[in-house]
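Q: Next comes the structure file upload_5.cif, holding mmCIF, C-alpha atoms.
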data_coords
#
loop_
_atom_site.label_atom_id
_atom_site.label_comp_id
_atom_site.auth_asym_id
_atom_site.auth_seq_id
_atom_site.Cartn_x
_atom_site.Cartn_y
_atom_site.Cartn_z
CA MET A 1 11.96 12.09 1.18
CA VAL A 2 9.41 13.76 -1.04
CA ALA A 3 7.71 11.32 -3.40
CA PRO A 4 4.27 11.22 -5.00
CA ASN A 5 4.86 7.51 -5.59
CA THR A 6 7.49 5.16 -4.12
CA SER A 7 7.32 2.64 -6.95
CA LEU A 8 10.61 2.33 -8.80
CA GLY A 9 8.82 1.93 -12.13
CA ALA A 10 6.74 5.09 -11.60
CA THR A 11 9.93 6.95 -10.70
CA VAL A 12 11.50 5.90 -13.99
CA LEU A 13 8.29 6.91 -15.80
CA LEU A 14 8.67 10.44 -14.40
CA GLU A 15 12.18 10.71 -15.84
CA LEU A 16 11.13 9.22 -19.20
CA ALA A 17 8.20 11.66 -19.44
CA ARG A 18 10.50 14.62 -18.77
CA ALA A 19 13.02 13.44 -21.38
CA ALA A 20 10.36 12.68 -24.01
CA ALA A 21 8.69 16.07 -23.56
CA ALA A 22 12.07 17.76 -23.91
CA ALA A 23 12.93 15.83 -27.07
CA LEU A 24 9.64 16.20 -28.93
CA PRO A 25 8.41 19.41 -30.56
CA ALA A 26 6.03 21.61 -28.58
CA SER A 27 3.34 20.83 -31.17
CA PHE A 28 2.84 17.39 -29.56
CA ASP A 29 -0.21 17.37 -27.29
CA ALA A 30 0.26 15.94 -23.81
CA GLU A 31 -2.32 13.91 -21.90
CA ILE A 32 -1.95 12.12 -18.58
CA ILE A 33 -4.29 9.14 -18.30
CA GLU A 34 -4.65 7.53 -14.90
CA ALA A 35 -6.76 4.75 -13.41
CA HIS A 36 -7.25 3.72 -9.77
CA HIS A 37 -9.69 1.80 -7.58
CA ARG A 38 -13.19 3.11 -7.03
CA MET A 39 -12.43 4.41 -3.50
CA LYS A 40 -9.55 6.74 -4.44
CA LYS A 41 -10.55 10.25 -3.48
CA ASP A 42 -8.03 12.53 -5.19
CA ALA A 43 -8.32 13.20 -8.88
CA PRO A 44 -5.99 13.69 -10.55
CA SER A 45 -3.72 11.59 -8.38
CA GLY A 46 -0.46 12.92 -6.97
CA THR A 47 1.46 10.74 -9.41
CA ALA A 48 -0.57 12.10 -12.35
CA LEU A 49 0.17 15.66 -11.23
CA ALA A 50 3.87 14.81 -10.87
CA LEU A 51 3.87 13.38 -14.41
CA ALA A 52 2.26 16.55 -15.76
CA ALA A 53 4.85 18.64 -13.91
CA ALA A 54 7.63 16.49 -15.44
CA VAL A 55 6.20 17.04 -18.92
CA ALA A 56 5.93 20.79 -18.28
CA GLN A 57 9.50 20.86 -16.97
CA GLY A 58 10.71 18.92 -20.00
CA ARG A 59 9.11 21.60 -22.16
CA GLY A 60 10.94 24.29 -20.23
CA GLY A 61 8.06 25.49 -18.08
CA GLN A 62 6.08 24.74 -14.97
CA LEU A 63 2.70 23.15 -14.44
CA THR A 64 0.33 26.05 -13.86
CA ASP A 65 -3.10 24.65 -14.65
CA THR A 66 -4.77 21.27 -14.80
CA ARG A 67 -7.63 20.53 -17.17
CA THR A 68 -9.72 17.52 -16.34
CA ASP A 69 -12.94 18.68 -17.96
CA ARG A 70 -13.43 19.68 -21.57
CA LYS A 71 -17.21 19.98 -21.50
CA GLY A 72 -18.82 23.02 -23.02
CA GLY A 73 -16.79 23.02 -26.21
CA ILE A 74 -13.61 24.34 -24.62
CA PRO A 75 -10.92 23.53 -27.19
CA ARG A 76 -7.40 22.45 -26.38
CA ARG A 77 -5.05 25.39 -26.03
CA ALA A 78 -1.44 25.19 -27.20
CA GLY A 79 0.69 23.77 -24.41
CA ASP A 80 -2.23 22.32 -22.42
CA ILE A 81 -1.57 19.16 -20.45
CA GLY A 82 -4.84 17.30 -20.17
CA PHE A 83 -5.95 14.63 -17.74
CA ALA A 84 -8.21 11.63 -18.21
CA ILE A 85 -9.23 10.02 -14.94
CA VAL A 86 -10.71 6.56 -14.37
CA ARG A 87 -11.97 5.26 -11.02
CA GLY A 88 -13.33 1.74 -10.80
CA GLY A 89 -13.05 -1.74 -9.38
CA ASP A 90 -9.94 -2.62 -7.42
CA LEU A 91 -7.39 -1.19 -9.86
CA VAL A 92 -4.15 -0.56 -7.99
CA GLY A 93 -2.85 2.14 -10.29
CA GLU A 94 -2.02 2.84 -13.91
CA HIS A 95 -0.45 5.97 -15.35
CA THR A 96 0.08 6.75 -19.00
CA VAL A 97 1.75 9.75 -20.58
CA LEU A 98 0.45 10.26 -24.10
CA LEU A 99 2.35 12.61 -26.38
CA ALA A 100 0.37 12.92 -29.60
CA GLY A 101 1.62 14.66 -32.71
CA ASP A 102 0.36 14.82 -36.26
CA GLY A 103 0.61 11.30 -37.65
CA GLU A 104 2.26 9.71 -34.60
CA GLU A 105 2.06 9.24 -30.87
CA LEU A 106 4.30 8.14 -28.04
CA THR A 107 2.82 6.41 -24.99
CA LEU A 108 4.66 5.65 -21.78
CA THR A 109 2.80 3.52 -19.23
CA HIS A 110 3.38 2.14 -15.74
CA ARG A 111 0.99 -0.36 -14.17
CA ALA A 112 1.02 -1.30 -10.51
CA HIS A 113 -0.43 -4.78 -10.03
CA ASP A 114 0.28 -5.11 -6.31
CA ARG A 115 0.33 -2.45 -3.59
CA ALA A 116 3.40 -4.14 -2.10
CA ILE A 117 5.58 -2.37 -4.66
CA PHE A 118 4.98 0.92 -2.85
CA ALA A 119 6.13 -0.56 0.45
CA LYS A 120 9.19 -2.13 -1.19
CA GLY A 121 10.12 1.23 -2.72
CA ALA A 122 9.59 3.02 0.59
CA LEU A 123 11.79 0.51 2.42
CA ARG A 124 14.48 0.92 -0.21
CA ALA A 125 14.24 4.69 0.20
CA ALA A 126 14.46 4.42 3.99
CA ALA A 127 17.59 2.26 3.80
CA TRP A 128 19.20 4.68 1.34
CA LEU A 129 18.29 7.71 3.46
CA THR A 130 20.06 6.32 6.55
CA VAL A 131 23.45 6.92 4.94
CA GLN A 132 22.69 10.31 3.36
CA PRO A 133 23.47 13.72 4.81
CA PRO A 134 20.44 15.71 5.98
CA GLY A 135 18.55 17.16 3.04
CA ARG A 136 15.51 16.90 0.81
CA TYR A 137 15.51 13.89 -1.50
CA THR A 138 13.27 12.26 -4.10
CA MET A 139 12.93 8.71 -5.37
CA GLY A 140 14.81 9.92 -8.44
CA ASP A 141 17.83 10.61 -6.26
CA ILE A 142 17.88 6.95 -5.26
CA LEU A 143 17.79 5.78 -8.86
CA LEU A 144 20.46 8.27 -9.89
CA ALA A 145 22.70 7.03 -7.09
CA LYS A 146 22.18 3.43 -8.24
CA THR A 147 22.89 4.10 -11.91
CA GLY A 148 25.59 6.71 -11.43
CA CYS A 149 23.89 9.10 -13.87
#
Once you've parsed the file, please lay out its structure as structure tokens.
A:
Amino acid sequence: MVAPNTSLGATVLLELARAAAAALPASFDAEIIEAHHRMKKDAPSGTALALAAAVAQGRGGQLTDTRTDRKGGIPRRAGDIGFAIVRGGDLVGEHTVLLAGDGEELTLTHRAHDRAIFAKGALRAAAWLTVQPPGRYTMGDILLAKTGC
């Protein structure tokens, strides 16, 4: 099992981000906004990077660069996927994909209120994996198996 996040909601967010990026014109700017507790060391988080990769894949490419700092007057380049990172308090985790066009925006957000959701997702994955042939799986595989898509 390879998963940046074992939450079922975050897994659905990944798929929604990919689909939205594929459906919208390339002129829409993409930003990943994420917030976690003050002690989290990685920035951007693994889930934020996975969301950016999903957006890039939806646009027909791959994530090649991450921009978390726009100081120094560096303007947005076409196709950039930006990151805004918040660390504070005891926030469990929040991830938002913002797709902003001229005159409109689409936001997709997942909020984790309790760390137990990650354990529940991991246990669900473990149970599902026990009946699968050897291979490399993602949390998306579990959801696809459930929905039949």
Q: From the options A:Ala127, A:Glu94, A:Gly121, A:Glu105, which residue's atoms come nearest to A:Met139, counting all atoms listed in the file?
A: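 Answer, going by the shortest atom-to-atom distance: A:Gly121.
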Q: As an NGL selection string, please: the residues near stretch 45-47 of chain A (cut-off 7 Å, all atoms listed in the file, same-chain neighbours under 4 positions excluded).
A: :A and (4-5 or 51)
Q: Run the PyMOL selection byres ((chain A and resi 93) around 7) mentally over the shown coordinates, then write out the matched residues as an MDAnalysis selection string, using the chain letters and numbers from the document.
A: chainID A and resid 35:36 91:92 94:95 111:112
Q: When you draw a straight line from atom CA of A:Gly82 to atom CA of A:Leu8, how long is it in Å?
A: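 Interatomic distance here is 24.3 Å.
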Q: Apply the PyMOL selection byres ((chain A and resi 84) around 8) to the structure shown and report the selected residues as a count of residues only.
A: 9
Q: Taking the point (-11.9, 2.1, -9.1) as given in the file, collect each protein or nucleic acid residue that comes within 6 Å of it, counting all atoms listed in the file, and present the set as a list in words.
A: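 Residues lying no farther than 6 Å from the given point: His36, His37, Arg38, Arg87, Gly88, Gly89, Asp90 and Leu91 of chain A.
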Q: Taking all listed atoms of stretch 102-111 of chain A, build the axis-aligned box, pad each of the six sides by 3 Å, then write its centre and edge lengths in Å to one decimal as AutoDock Vina command-line options.
A:
--center_x 2.5 --center_y 7.2 --center_z -25.9 --size_x 10.3 --size_y 21.2 --size_z 29.5
Q: Running the PyMOL selection byres ((chain A and resi 143) around 12) on this model by hand, what would come out? Give it as a list in words.
A: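 Answer for the PyMOL selection byres ((chain A and resi 143) around 12): Thr6, Ser7, Leu8, Gly9, Ala10, Thr11, Val12, Leu13, Leu14, Glu15, Gly121, Arg124, Ala125, Trp128, Tyr137, Thr138, Met139, Gly140, Asp141, Ile142, Leu144, Ala145, Lys146, Thr147, Gly148 and Cys149 of chain A.
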Q: Write the residues of the selection above to a file with C-alpha atoms, as an mmCIF file, keeping the file's coordinate frame.
A:
data_model
loop_
_atom_site.group_PDB
_atom_site.id
_atom_site.type_symbol
_atom_site.label_atom_id
_atom_site.label_comp_id
_atom_site.auth_asym_id
_atom_site.auth_seq_id
_atom_site.Cartn_x
_atom_site.Cartn_y
_atom_site.Cartn_z
ATOM 1 C CA THR A 6 7.490 5.160 -4.120
ATOM 2 C CA SER A 7 7.320 2.640 -6.950
ATOM 3 C CA LEU A 8 10.610 2.330 -8.800
ATOM 4 C CA GLY A 9 8.820 1.930 -12.130
ATOM 5 C CA ALA A 10 6.740 5.090 -11.600
ATOM 6 C CA THR A 11 9.930 6.950 -10.700
ATOM 7 C CA VAL A 12 11.500 5.900 -13.990
ATOM 8 C CA LEU A 13 8.290 6.910 -15.800
ATOM 9 C CA LEU A 14 8.670 10.440 -14.400
ATOM 10 C CA GLU A 15 12.180 10.710 -15.840
ATOM 11 C CA GLY A 121 10.120 1.230 -2.720
ATOM 12 C CA ARG A 124 14.480 0.920 -0.210
ATOM 13 C CA ALA A 125 14.240 4.690 0.200
ATOM 14 C CA TRP A 128 19.200 4.680 1.340
ATOM 15 C CA TYR A 137 15.510 13.890 -1.500
ATOM 16 C CA THR A 138 13.270 12.260 -4.100
ATOM 17 C CA MET A 139 12.930 8.710 -5.370
ATOM 18 C CA GLY A 140 14.810 9.920 -8.440
ATOM 19 C CA ASP A 141 17.830 10.610 -6.260
ATOM 20 C CA ILE A 142 17.880 6.950 -5.260
ATOM 21 C CA LEU A 144 20.460 8.270 -9.890
ATOM 22 C CA ALA A 145 22.700 7.030 -7.090
ATOM 23 C CA LYS A 146 22.180 3.430 -8.240
ATOM 24 C CA THR A 147 22.890 4.100 -11.910
ATOM 25 C CA GLY A 148 25.590 6.710 -11.430
ATOM 26 C CA CYS A 149 23.890 9.100 -13.870
#
Q: Excluding stretch 100-103 of chain A and residues on its chain fewer than 2 positions from it, collect all residues at most 7 Å away from it, counting all atoms listed in the file, and give them as a PyMOL selection string.
A: chain A and resi 27-30+98+105-106
Q: Taking only C-alpha atoms into account, name the residue in A:Leu99, A:Glu104, A:Gly135, A:Val2 that is nearest to A:Val55.
A: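 Among A:Leu99, A:Glu104, A:Gly135, A:Val2, it is A:Leu99 that comes nearest to A:Val55.
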Q: Considering only C-alpha atoms, state which residue in the set A:Lys40, A:Leu49, A:Gly58, A:Ile117 is at the smallest distance from A:Arg18.
A: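 Closest candidate: A:Gly58.
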Q: Using all atoms listed in the file for the distances, tell me which of A:Thr96, A:Gln57, A:Pro44, A:Gly79 is nearest to A:Leu108.
A: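 Closest residue, counting all atoms listed in the file: A:Thr96.
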Q: One decimal, in Å: what's the spacing between atom CA of A:Ala43 and atom CA of A:Ala56?
A: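 Those two atoms sit 18.7 Å apart.
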Q: To one decimal in Å, tell me the separation between atom CA of A:Lys41 and atom CA of A:Pro75.
A: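 Atom CA of A:Pro75 lies at a distance of 27.2 Å from atom CA of A:Lys41.
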